[in-house]
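Data first, discussion second: the structure below is written as C-alpha coordinates.
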Amino acid sequence: MLRLVNNFRNLTITKESLSINYTNYQPVRWRKPIWLPVAKTKIFKVPPRTVIPEEEKVELMRLYNSYRTQIKSLRRYLTYKYCTKFLASEDPEEQKKIFEEDFARCIEINKKWNEEQNVLREKRVAEELEVNLDFARNRIELELIKQEEKLQKVEEIVRREKEQGKSFITSENIDEAIEYALHNSVDYNFAIDLNGEKIFGRENNTQEVKQKVSVLANI
Amino acid sequence: MPYKYIGRTTSFKGKTLWEIVGNLKNFGVGRIVVRSVFERYPEPSYMKILKVETLPTPEVVSVDKKTFRGKPFPRPIVIESSSYKTDYRLIPKVEEEKYCKRIEEKDVRIFPRTFEFPPIMKELILREMKEKGEKLTEVPPLEIVYSKCSKKTKYRIAKDGEEPNVEIVMGFGTPVSPSLYEGIKL
(Lines give C-alpha, C1' and ligand atoms only; values in the text may rest on other atoms or scores of the structure.)
Protein backbone atom coordinates (compact mmCIF):
# COMPACT_ATOMS: atom_id res chain seq x y z
CA MET A 1 0.00 0.00 0.00
CA LEU A 2 2.83 2.29 0.91
CA ARG A 3 4.52 1.46 -2.34
CA LEU A 4 1.33 2.27 -4.22
CA VAL A 5 1.05 5.69 -2.68
CA ASN A 6 4.73 6.41 -3.22
CA ASN A 7 4.34 5.45 -6.84
CA PHE A 8 1.60 7.99 -7.23
CA ARG A 9 3.80 10.58 -5.64
CA ASN A 10 6.67 9.82 -7.99
CA LEU A 11 4.43 9.88 -11.01
CA THR A 12 6.18 12.43 -13.18
CA ILE A 13 5.83 12.14 -16.93
CA THR A 14 9.10 12.60 -18.77
CA LYS A 15 9.89 12.45 -22.45
CA GLU A 16 11.75 9.15 -22.05
CA SER A 17 8.86 7.45 -20.30
CA LEU A 18 6.47 8.34 -23.13
CA SER A 19 8.58 7.19 -26.06
CA ILE A 20 8.50 3.47 -26.92
CA ASN A 21 11.51 1.57 -28.11
CA TYR A 22 9.93 -0.14 -31.12
CA THR A 23 12.85 -2.49 -31.76
CA ASN A 24 12.14 -4.34 -28.53
CA TYR A 25 8.41 -3.67 -28.52
CA GLN A 26 6.40 -6.82 -27.88
CA PRO A 27 2.68 -6.18 -27.47
CA VAL A 28 1.76 -9.80 -26.69
CA ARG A 29 4.10 -12.16 -24.89
CA TRP A 30 3.63 -15.41 -26.82
CA ARG A 31 4.78 -18.32 -24.74
CA LYS A 32 3.46 -21.55 -26.12
CA PRO A 33 0.32 -22.57 -27.99
CA ILE A 34 -2.74 -23.08 -25.84
CA TRP A 35 -3.30 -26.66 -26.99
CA LEU A 36 -0.01 -27.90 -25.59
CA PRO A 37 -0.32 -29.77 -22.28
CA VAL A 38 1.09 -28.67 -18.97
CA ALA A 39 4.86 -28.95 -18.86
CA LYS A 40 6.06 -32.23 -17.33
CA THR A 41 7.97 -30.42 -14.63
CA LYS A 42 4.87 -28.49 -13.63
CA ILE A 43 2.26 -31.26 -13.58
CA PHE A 44 2.48 -31.95 -9.86
CA LYS A 45 3.39 -28.48 -8.81
CA VAL A 46 1.03 -26.96 -6.30
CA PRO A 47 1.65 -23.23 -6.29
CA PRO A 48 1.16 -21.67 -2.88
CA ARG A 49 -1.59 -19.16 -2.39
CA THR A 50 -0.62 -15.57 -2.05
CA VAL A 51 -1.28 -14.48 1.48
CA ILE A 52 -2.35 -10.89 1.91
CA PRO A 53 -2.25 -9.49 5.46
CA GLU A 54 -5.70 -8.97 6.87
CA GLU A 55 -5.54 -5.19 7.26
CA GLU A 56 -4.21 -4.76 3.74
CA LYS A 57 -6.92 -7.01 2.38
CA VAL A 58 -9.62 -5.01 4.11
CA GLU A 59 -8.16 -1.73 2.89
CA LEU A 60 -7.82 -2.98 -0.69
CA MET A 61 -11.40 -4.21 -0.65
CA ARG A 62 -12.60 -0.84 0.56
CA LEU A 63 -10.63 0.99 -2.13
CA TYR A 64 -11.87 -1.25 -4.92
CA ASN A 65 -15.46 -1.14 -3.72
CA SER A 66 -15.49 2.62 -3.48
CA TYR A 67 -13.80 2.94 -6.88
CA ARG A 68 -16.42 0.74 -8.52
CA THR A 69 -19.27 2.59 -6.87
CA GLN A 70 -17.90 5.95 -7.99
CA ILE A 71 -17.33 4.86 -11.56
CA LYS A 72 -20.73 3.21 -11.79
CA SER A 73 -22.45 6.34 -10.52
CA LEU A 74 -20.54 8.61 -12.88
CA ARG A 75 -21.20 6.34 -15.81
CA ARG A 76 -24.91 6.31 -15.17
CA TYR A 77 -24.95 10.10 -14.81
CA LEU A 78 -23.13 10.55 -18.14
CA THR A 79 -25.34 8.00 -19.85
CA TYR A 80 -28.49 9.75 -18.74
CA LYS A 81 -27.01 13.08 -19.76
CA TYR A 82 -25.74 12.26 -23.23
CA CYS A 83 -27.46 9.12 -24.45
CA THR A 84 -29.93 10.02 -27.21
CA LYS A 85 -32.27 7.32 -26.00
CA PHE A 86 -32.91 9.31 -22.83
CA LEU A 87 -32.71 12.70 -24.54
CA ALA A 88 -35.56 11.85 -26.86
CA SER A 89 -38.15 12.28 -24.16
CA GLU A 90 -37.11 15.87 -23.46
CA ASP A 91 -38.66 17.78 -26.39
CA PRO A 92 -40.38 15.70 -29.05
CA GLU A 93 -40.86 18.63 -31.44
CA GLU A 94 -37.19 19.52 -31.33
CA GLN A 95 -36.18 15.89 -31.76
CA LYS A 96 -38.52 15.51 -34.73
CA LYS A 97 -37.13 18.62 -36.36
CA ILE A 98 -33.56 17.43 -35.87
CA PHE A 99 -34.48 14.05 -37.26
CA GLU A 100 -36.15 15.54 -40.32
CA GLU A 101 -33.19 17.81 -41.02
CA ASP A 102 -30.85 14.89 -40.70
CA PHE A 103 -33.08 12.78 -42.92
CA ALA A 104 -33.18 15.48 -45.61
CA ARG A 105 -29.41 15.78 -45.50
CA CYS A 106 -29.08 12.02 -45.83
CA ILE A 107 -31.43 11.98 -48.80
CA GLU A 108 -29.40 14.72 -50.46
CA ILE A 109 -26.21 12.74 -50.03
CA ASN A 110 -27.92 9.60 -51.23
CA LYS A 111 -29.18 11.36 -54.35
CA LYS A 112 -25.71 12.62 -55.11
CA TRP A 113 -24.28 9.16 -54.72
CA ASN A 114 -27.01 7.73 -56.93
CA GLU A 115 -26.21 10.19 -59.70
CA GLU A 116 -22.52 9.39 -59.52
CA GLN A 117 -23.31 5.71 -59.58
CA ASN A 118 -25.69 6.19 -62.52
CA VAL A 119 -22.95 7.71 -64.68
CA LEU A 120 -20.60 4.90 -63.75
CA ARG A 121 -23.27 2.28 -64.36
CA GLU A 122 -24.15 3.58 -67.82
CA LYS A 123 -20.52 3.62 -68.80
CA ARG A 124 -20.03 0.12 -67.53
CA VAL A 125 -23.15 -1.21 -69.25
CA ALA A 126 -22.08 0.33 -72.58
CA GLU A 127 -18.64 -1.23 -72.26
CA GLU A 128 -20.14 -4.59 -71.41
CA LEU A 129 -22.48 -4.40 -74.39
CA GLU A 130 -19.60 -3.62 -76.73
CA VAL A 131 -17.62 -6.55 -75.39
CA ASN A 132 -20.62 -8.85 -75.80
CA LEU A 133 -21.21 -7.68 -79.36
CA ASP A 134 -17.58 -8.27 -80.26
CA PHE A 135 -17.82 -11.72 -78.84
CA ALA A 136 -20.98 -12.46 -80.85
CA ARG A 137 -19.41 -11.17 -84.06
CA ASN A 138 -16.36 -13.32 -83.57
CA ARG A 139 -18.56 -16.32 -82.97
CA ILE A 140 -20.54 -15.72 -86.17
CA GLU A 141 -17.33 -15.45 -88.14
CA LEU A 142 -15.97 -18.66 -86.70
CA GLU A 143 -19.28 -20.41 -87.34
CA LEU A 144 -19.25 -19.36 -91.00
CA ILE A 145 -15.69 -20.61 -91.44
CA LYS A 146 -16.69 -23.89 -89.87
CA GLN A 147 -19.66 -24.29 -92.19
CA GLU A 148 -17.50 -23.52 -95.20
CA GLU A 149 -15.01 -26.19 -94.19
CA LYS A 150 -17.78 -28.70 -93.64
CA LEU A 151 -19.26 -27.96 -97.08
CA GLN A 152 -15.89 -28.43 -98.72
CA LYS A 153 -15.43 -31.77 -97.00
CA VAL A 154 -18.85 -32.93 -98.18
CA GLU A 155 -18.18 -31.81 -101.72
CA GLU A 156 -14.89 -33.69 -101.69
CA ILE A 157 -16.73 -36.86 -100.69
CA VAL A 158 -19.32 -36.33 -103.44
CA ARG A 159 -16.62 -35.78 -106.05
CA ARG A 160 -14.80 -38.93 -105.01
CA GLU A 161 -17.98 -40.96 -105.15
CA LYS A 162 -18.83 -39.62 -108.61
CA GLU A 163 -15.40 -40.64 -109.87
CA GLN A 164 -15.83 -44.09 -108.47
CA GLY A 165 -19.32 -44.24 -109.96
CA LYS A 166 -17.88 -44.55 -113.44
CA SER A 167 -16.76 -48.12 -112.75
CA PHE A 168 -20.10 -49.14 -111.23
CA ILE A 169 -22.10 -51.93 -112.93
CA THR A 170 -25.36 -50.53 -114.21
CA SER A 171 -28.28 -52.07 -116.06
CA GLU A 172 -26.72 -51.00 -119.33
CA ASN A 173 -23.41 -52.77 -118.97
CA ILE A 174 -24.48 -55.66 -116.84
CA ASP A 175 -24.33 -58.17 -119.68
CA GLU A 176 -20.76 -57.23 -120.52
CA ALA A 177 -19.81 -57.50 -116.89
CA ILE A 178 -21.38 -60.95 -116.61
CA GLU A 179 -19.62 -62.02 -119.76
CA TYR A 180 -16.33 -60.71 -118.44
CA ALA A 181 -16.77 -62.45 -115.11
CA LEU A 182 -17.61 -65.74 -116.72
CA HIS A 183 -14.58 -65.60 -118.98
CA ASN A 184 -12.11 -64.50 -116.35
CA SER A 185 -12.75 -66.74 -113.40
CA VAL A 186 -10.39 -66.15 -110.56
CA ASP A 187 -9.39 -68.89 -108.19
CA TYR A 188 -7.88 -67.63 -104.99
CA ASN A 189 -7.17 -71.06 -103.50
CA PHE A 190 -3.59 -72.12 -103.35
CA ALA A 191 -1.28 -74.57 -101.69
CA ILE A 192 2.26 -74.11 -100.43
CA ASP A 193 5.03 -76.60 -101.03
CA LEU A 194 8.07 -77.15 -98.85
CA ASN A 195 10.01 -74.40 -100.60
CA GLY A 196 7.41 -71.85 -99.73
CA GLU A 197 6.05 -71.62 -103.27
CA LYS A 198 2.36 -70.91 -103.74
CA ILE A 199 0.53 -73.23 -106.10
CA PHE A 200 -2.69 -71.45 -107.21
CA GLY A 201 -5.86 -73.17 -108.25
CA ARG A 202 -7.92 -75.87 -106.73
CA GLU A 203 -6.76 -78.34 -109.41
CA ASN A 204 -3.07 -78.94 -109.77
CA ASN A 205 -2.51 -76.91 -112.92
CA THR A 206 1.18 -76.92 -113.78
CA GLN A 207 0.76 -74.34 -116.49
CA GLU A 208 -0.07 -71.66 -113.93
CA VAL A 209 2.70 -69.30 -112.97
CA LYS A 210 4.11 -70.32 -109.68
CA GLN A 211 4.54 -67.50 -107.20
CA LYS A 212 7.25 -67.71 -104.60
CA VAL A 213 6.23 -66.70 -101.12
CA SER A 214 8.58 -66.78 -98.16
CA VAL A 215 6.47 -68.56 -95.59
CA LEU A 216 9.27 -68.68 -93.06
CA ALA A 217 9.59 -64.92 -93.10
CA ASN A 218 5.93 -64.53 -92.18
CA ILE A 219 6.19 -66.76 -89.14
CA MET B 1 -12.68 -41.62 -1.75
CA PRO B 2 -10.11 -39.14 -0.58
CA TYR B 3 -9.38 -36.46 -3.14
CA LYS B 4 -5.85 -35.55 -3.99
CA TYR B 5 -5.67 -32.15 -5.56
CA ILE B 6 -3.08 -31.47 -8.23
CA GLY B 7 -2.40 -28.10 -9.74
CA ARG B 8 -3.92 -24.91 -8.54
CA THR B 9 -5.07 -24.58 -4.97
CA THR B 10 -8.77 -24.68 -4.39
CA SER B 11 -11.02 -23.02 -1.91
CA PHE B 12 -13.29 -26.08 -1.80
CA LYS B 13 -13.34 -28.32 1.22
CA GLY B 14 -15.59 -31.34 1.61
CA LYS B 15 -17.48 -33.82 -0.56
CA THR B 16 -19.89 -33.66 -3.45
CA LEU B 17 -23.56 -33.59 -2.60
CA TRP B 18 -24.12 -37.08 -3.96
CA GLU B 19 -21.35 -38.53 -1.83
CA ILE B 20 -23.12 -37.23 1.24
CA VAL B 21 -26.71 -37.79 0.25
CA GLY B 22 -26.24 -41.20 -1.39
CA ASN B 23 -25.02 -42.73 1.87
CA LEU B 24 -27.87 -41.45 3.97
CA LYS B 25 -31.18 -43.07 4.82
CA ASN B 26 -33.96 -41.78 2.56
CA PHE B 27 -31.32 -39.77 0.67
CA GLY B 28 -30.86 -37.50 3.62
CA VAL B 29 -34.22 -35.77 3.41
CA GLY B 30 -34.56 -33.48 6.40
CA ARG B 31 -30.83 -33.29 7.04
CA ILE B 32 -28.75 -30.13 6.98
CA VAL B 33 -25.89 -29.56 4.58
CA VAL B 34 -23.52 -26.61 4.34
CA ARG B 35 -21.20 -25.25 1.66
CA SER B 36 -17.78 -24.54 3.12
CA VAL B 37 -17.37 -21.35 1.06
CA PHE B 38 -20.33 -19.82 2.87
CA GLU B 39 -18.88 -20.63 6.26
CA ARG B 40 -16.72 -17.56 6.16
CA TYR B 41 -19.63 -15.40 7.26
CA PRO B 42 -20.45 -15.02 10.92
CA GLU B 43 -24.12 -15.71 10.25
CA PRO B 44 -25.07 -19.34 9.56
CA SER B 45 -25.70 -20.35 5.93
CA TYR B 46 -27.14 -23.82 5.48
CA MET B 47 -29.50 -25.92 3.36
CA LYS B 48 -32.17 -28.34 4.52
CA ILE B 49 -32.74 -31.13 2.02
CA LEU B 50 -36.38 -31.55 1.02
CA LYS B 51 -36.12 -33.88 -1.97
CA VAL B 52 -33.41 -35.68 -3.93
CA GLU B 53 -33.42 -36.90 -7.49
CA THR B 54 -30.62 -38.50 -9.45
CA LEU B 55 -29.59 -37.62 -12.99
CA PRO B 56 -27.97 -39.75 -15.71
CA THR B 57 -24.81 -37.73 -15.37
CA PRO B 58 -22.96 -38.10 -12.07
CA GLU B 59 -24.92 -35.25 -10.60
CA VAL B 60 -27.77 -34.95 -8.25
CA VAL B 61 -30.70 -32.62 -8.06
CA SER B 62 -31.82 -31.66 -4.65
CA VAL B 63 -34.53 -29.32 -3.59
CA ASP B 64 -33.43 -27.43 -0.56
CA LYS B 65 -34.63 -24.85 1.82
CA LYS B 66 -31.74 -22.46 1.86
CA THR B 67 -30.69 -19.96 4.46
CA PHE B 68 -27.99 -17.53 3.54
CA ARG B 69 -26.26 -15.43 6.16
CA GLY B 70 -28.98 -16.07 8.66
CA LYS B 71 -31.80 -15.13 6.28
CA PRO B 72 -34.00 -17.91 4.90
CA PHE B 73 -34.98 -17.83 1.23
CA PRO B 74 -38.71 -17.39 0.63
CA ARG B 75 -38.98 -20.43 -1.65
CA PRO B 76 -37.11 -23.74 -1.85
CA ILE B 77 -34.28 -23.79 -4.37
CA VAL B 78 -33.01 -26.51 -6.71
CA ILE B 79 -29.35 -27.42 -6.57
CA GLU B 80 -28.32 -29.02 -9.83
CA SER B 81 -25.48 -27.19 -11.49
CA SER B 82 -23.39 -26.90 -8.34
CA SER B 83 -24.06 -30.33 -6.85
CA TYR B 84 -20.85 -31.75 -8.27
CA LYS B 85 -18.66 -29.38 -6.28
CA THR B 86 -16.62 -31.04 -3.59
CA ASP B 87 -17.57 -28.39 -1.13
CA TYR B 88 -20.44 -29.82 0.92
CA ARG B 89 -20.41 -30.83 4.53
CA LEU B 90 -23.07 -32.68 6.47
CA ILE B 91 -24.02 -31.32 9.86
CA PRO B 92 -24.51 -34.11 12.44
CA LYS B 93 -28.00 -34.29 13.85
CA VAL B 94 -26.77 -33.41 17.33
CA GLU B 95 -25.23 -30.16 16.16
CA GLU B 96 -28.04 -29.09 13.86
CA GLU B 97 -29.87 -27.01 16.40
CA LYS B 98 -26.75 -25.30 17.61
CA TYR B 99 -25.51 -24.59 14.08
CA CYS B 100 -28.74 -23.18 12.78
CA LYS B 101 -29.38 -20.97 15.77
CA ARG B 102 -29.88 -17.44 14.65
CA ILE B 103 -27.55 -14.81 15.92
CA GLU B 104 -28.86 -11.42 16.84
CA GLU B 105 -29.26 -9.03 13.99
CA LYS B 106 -26.92 -6.12 13.90
CA ASP B 107 -28.06 -2.58 13.34
CA VAL B 108 -29.11 -1.97 9.79
CA ARG B 109 -26.47 -0.18 7.80
CA ILE B 110 -27.83 2.93 6.13
CA PHE B 111 -25.98 4.08 3.04
CA PRO B 112 -26.07 7.64 1.67
CA ARG B 113 -28.22 8.37 -1.35
CA THR B 114 -25.87 10.85 -3.00
CA PHE B 115 -22.32 12.10 -2.97
CA GLU B 116 -20.39 14.95 -4.57
CA PHE B 117 -19.00 15.06 -8.07
CA PRO B 118 -15.24 14.83 -8.59
CA PRO B 119 -13.61 18.30 -8.51
CA ILE B 120 -12.93 18.81 -12.24
CA MET B 121 -16.31 17.49 -13.24
CA LYS B 122 -17.93 19.82 -10.73
CA GLU B 123 -16.14 22.75 -12.35
CA LEU B 124 -17.24 21.58 -15.80
CA ILE B 125 -20.85 21.31 -14.76
CA LEU B 126 -20.71 24.78 -13.24
CA ARG B 127 -19.37 26.20 -16.49
CA GLU B 128 -22.02 24.43 -18.51
CA MET B 129 -24.67 25.89 -16.25
CA LYS B 130 -23.19 29.34 -16.66
CA GLU B 131 -23.31 29.01 -20.44
CA LYS B 132 -26.92 27.99 -20.27
CA GLY B 133 -27.60 31.01 -18.13
CA GLU B 134 -28.52 29.21 -14.94
CA LYS B 135 -27.35 30.90 -11.80
CA LEU B 136 -26.20 28.17 -9.48
CA THR B 137 -23.26 28.21 -7.15
CA GLU B 138 -23.68 24.63 -5.98
CA VAL B 139 -23.71 21.61 -8.20
CA PRO B 140 -26.52 19.15 -7.43
CA PRO B 141 -25.05 15.98 -5.91
CA LEU B 142 -24.53 12.79 -7.85
CA GLU B 143 -26.82 9.89 -7.14
CA ILE B 144 -24.98 6.75 -6.06
CA VAL B 145 -25.56 3.50 -7.93
CA TYR B 146 -25.74 0.47 -5.69
CA SER B 147 -25.92 -3.19 -6.51
CA LYS B 148 -29.54 -4.20 -7.02
CA CYS B 149 -29.18 -7.42 -5.10
CA SER B 150 -27.16 -6.13 -2.16
CA LYS B 151 -29.49 -3.19 -1.75
CA LYS B 152 -32.22 -5.54 -0.61
CA THR B 153 -30.23 -7.87 1.59
CA LYS B 154 -27.20 -6.20 3.07
CA TYR B 155 -28.04 -2.59 3.67
CA ARG B 156 -30.60 0.13 3.19
CA ILE B 157 -30.36 3.43 1.36
CA ALA B 158 -31.10 6.54 3.35
CA LYS B 159 -34.49 8.09 2.82
CA ASP B 160 -34.97 11.86 2.52
CA GLY B 161 -33.73 13.58 5.62
CA GLU B 162 -32.35 10.38 7.13
CA GLU B 163 -28.81 10.34 8.41
CA PRO B 164 -26.66 7.54 6.92
CA ASN B 165 -24.48 5.63 9.36
CA VAL B 166 -21.95 4.48 6.73
CA GLU B 167 -19.62 6.92 5.02
CA ILE B 168 -19.33 6.75 1.25
CA VAL B 169 -17.57 9.66 -0.40
CA MET B 170 -16.16 10.52 -3.78
CA GLY B 171 -12.39 10.23 -3.71
CA PHE B 172 -10.08 8.44 -1.35
CA GLY B 173 -12.25 8.33 1.76
CA THR B 174 -11.10 7.36 5.22
CA PRO B 175 -8.82 4.32 5.34
CA VAL B 176 -9.90 1.28 7.31
CA SER B 177 -6.35 0.44 8.28
CA PRO B 178 -4.59 3.73 9.01
CA SER B 179 -1.45 1.84 10.02
CA LEU B 180 -0.71 1.31 6.33
CA TYR B 181 -0.48 5.04 5.72
CA GLU B 182 1.78 5.95 8.58
CA GLY B 183 3.93 8.95 7.80
CA ILE B 184 2.03 9.79 4.65
CA LYS B 185 0.03 12.92 4.20
CA LEU B 186 -3.35 11.97 2.82
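Order determines the names: the first chain of the C-alpha coordinates is A, the second B, and so forth; residues in each chain are numbered 1 upward, and ligands are numbered 1 upward as they are shown.
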
| message | If the cut-off is 6 Å, can you tell me the residues of chain A near chain B, counting only C-alpha atoms? I'd like them as a VMD selection string. | response | chain A and resid 44 to 46 55 59 73

Dump of all heavy atoms for the selected residues, as a JSON list (two decimals), in the first residue's frame:
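Produced file again.json, reproduced below:
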[["chain", "number", "residue", "atom", "x", "y", "z"],
["A", 44, "PHE", "N", 2.81, -31.72, -11.26],
["A", 44, "PHE", "CA", 2.48, -31.95, -9.86],
["A", 44, "PHE", "C", 2.84, -30.77, -8.97],
["A", 44, "PHE", "O", 2.92, -30.89, -7.75],
["A", 44, "PHE", "CB", 3.18, -33.22, -9.37],
["A", 44, "PHE", "CG", 2.77, -34.43, -10.16],
["A", 44, "PHE", "CD1", 3.62, -35.02, -11.08],
["A", 44, "PHE", "CD2", 1.48, -34.94, -10.04],
["A", 44, "PHE", "CE1", 3.22, -36.11, -11.82],
["A", 44, "PHE", "CE2", 1.07, -36.03, -10.78],
["A", 44, "PHE", "CZ", 1.94, -36.62, -11.68],
["A", 45, "LYS", "N", 3.05, -29.64, -9.61],
["A", 45, "LYS", "CA", 3.39, -28.48, -8.81],
["A", 45, "LYS", "C", 2.13, -27.86, -8.22],
["A", 45, "LYS", "O", 1.14, -27.68, -8.93],
["A", 45, "LYS", "CB", 4.09, -27.46, -9.71],
["A", 45, "LYS", "CG", 4.78, -26.39, -8.92],
["A", 45, "LYS", "CD", 5.25, -25.28, -9.81],
["A", 45, "LYS", "CE", 5.74, -24.14, -8.96],
["A", 45, "LYS", "NZ", 6.05, -22.98, -9.74],
["A", 46, "VAL", "N", 2.16, -27.63, -6.94],
["A", 46, "VAL", "CA", 1.03, -26.96, -6.30],
["A", 46, "VAL", "C", 1.50, -25.58, -5.87],
["A", 46, "VAL", "O", 2.19, -25.44, -4.87],
["A", 46, "VAL", "CB", 0.52, -27.77, -5.09],
["A", 46, "VAL", "CG1", -0.68, -27.09, -4.47],
["A", 46, "VAL", "CG2", 0.17, -29.18, -5.52],
["A", 55, "GLU", "N", -5.22, -6.63, 7.33],
["A", 55, "GLU", "CA", -5.54, -5.19, 7.26],
["A", 55, "GLU", "C", -5.36, -4.64, 5.84],
["A", 55, "GLU", "O", -6.13, -3.80, 5.39],
["A", 55, "GLU", "CB", -4.71, -4.39, 8.27],
["A", 55, "GLU", "CG", -3.22, -4.57, 8.15],
["A", 55, "GLU", "CD", -2.49, -3.69, 9.16],
["A", 55, "GLU", "OE1", -3.14, -3.03, 10.01],
["A", 55, "GLU", "OE2", -1.26, -3.67, 9.08],
["A", 59, "GLU", "N", -8.34, -3.06, 3.48],
["A", 59, "GLU", "CA", -8.16, -1.73, 2.89],
["A", 59, "GLU", "C", -8.32, -1.79, 1.36],
["A", 59, "GLU", "O", -8.98, -0.94, 0.76],
["A", 59, "GLU", "CB", -6.78, -1.18, 3.27],
["A", 59, "GLU", "CG", -6.46, 0.19, 2.71],
["A", 59, "GLU", "CD", -7.40, 1.27, 3.21],
["A", 59, "GLU", "OE1", -8.11, 1.04, 4.19],
["A", 59, "GLU", "OE2", -7.44, 2.34, 2.57],
["A", 73, "SER", "N", -21.57, 5.18, -10.67],
["A", 73, "SER", "CA", -22.45, 6.34, -10.52],
["A", 73, "SER", "C", -22.19, 7.36, -11.61],
["A", 73, "SER", "O", -23.13, 7.89, -12.22],
["A", 73, "SER", "CB", -22.22, 6.99, -9.15],
["A", 73, "SER", "OG", -22.34, 6.03, -8.15]]

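Computed from the coordinates, the atom CA of B:Arg40 to atom CA of B:Phe12 distance equals 12.2 Å.
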
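Near B:Lys15, within a cut-off of 7 Å and counting only C-alpha atoms, sit the residues Thr86, Asp87, Tyr88 and Arg89 of chain B, with same-chain residues fewer than 6 positions away left out.
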
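The two atoms in question, atom CA of B:Gly70 and atom CA of B:Lys152, are spaced 14.4 Å apart.
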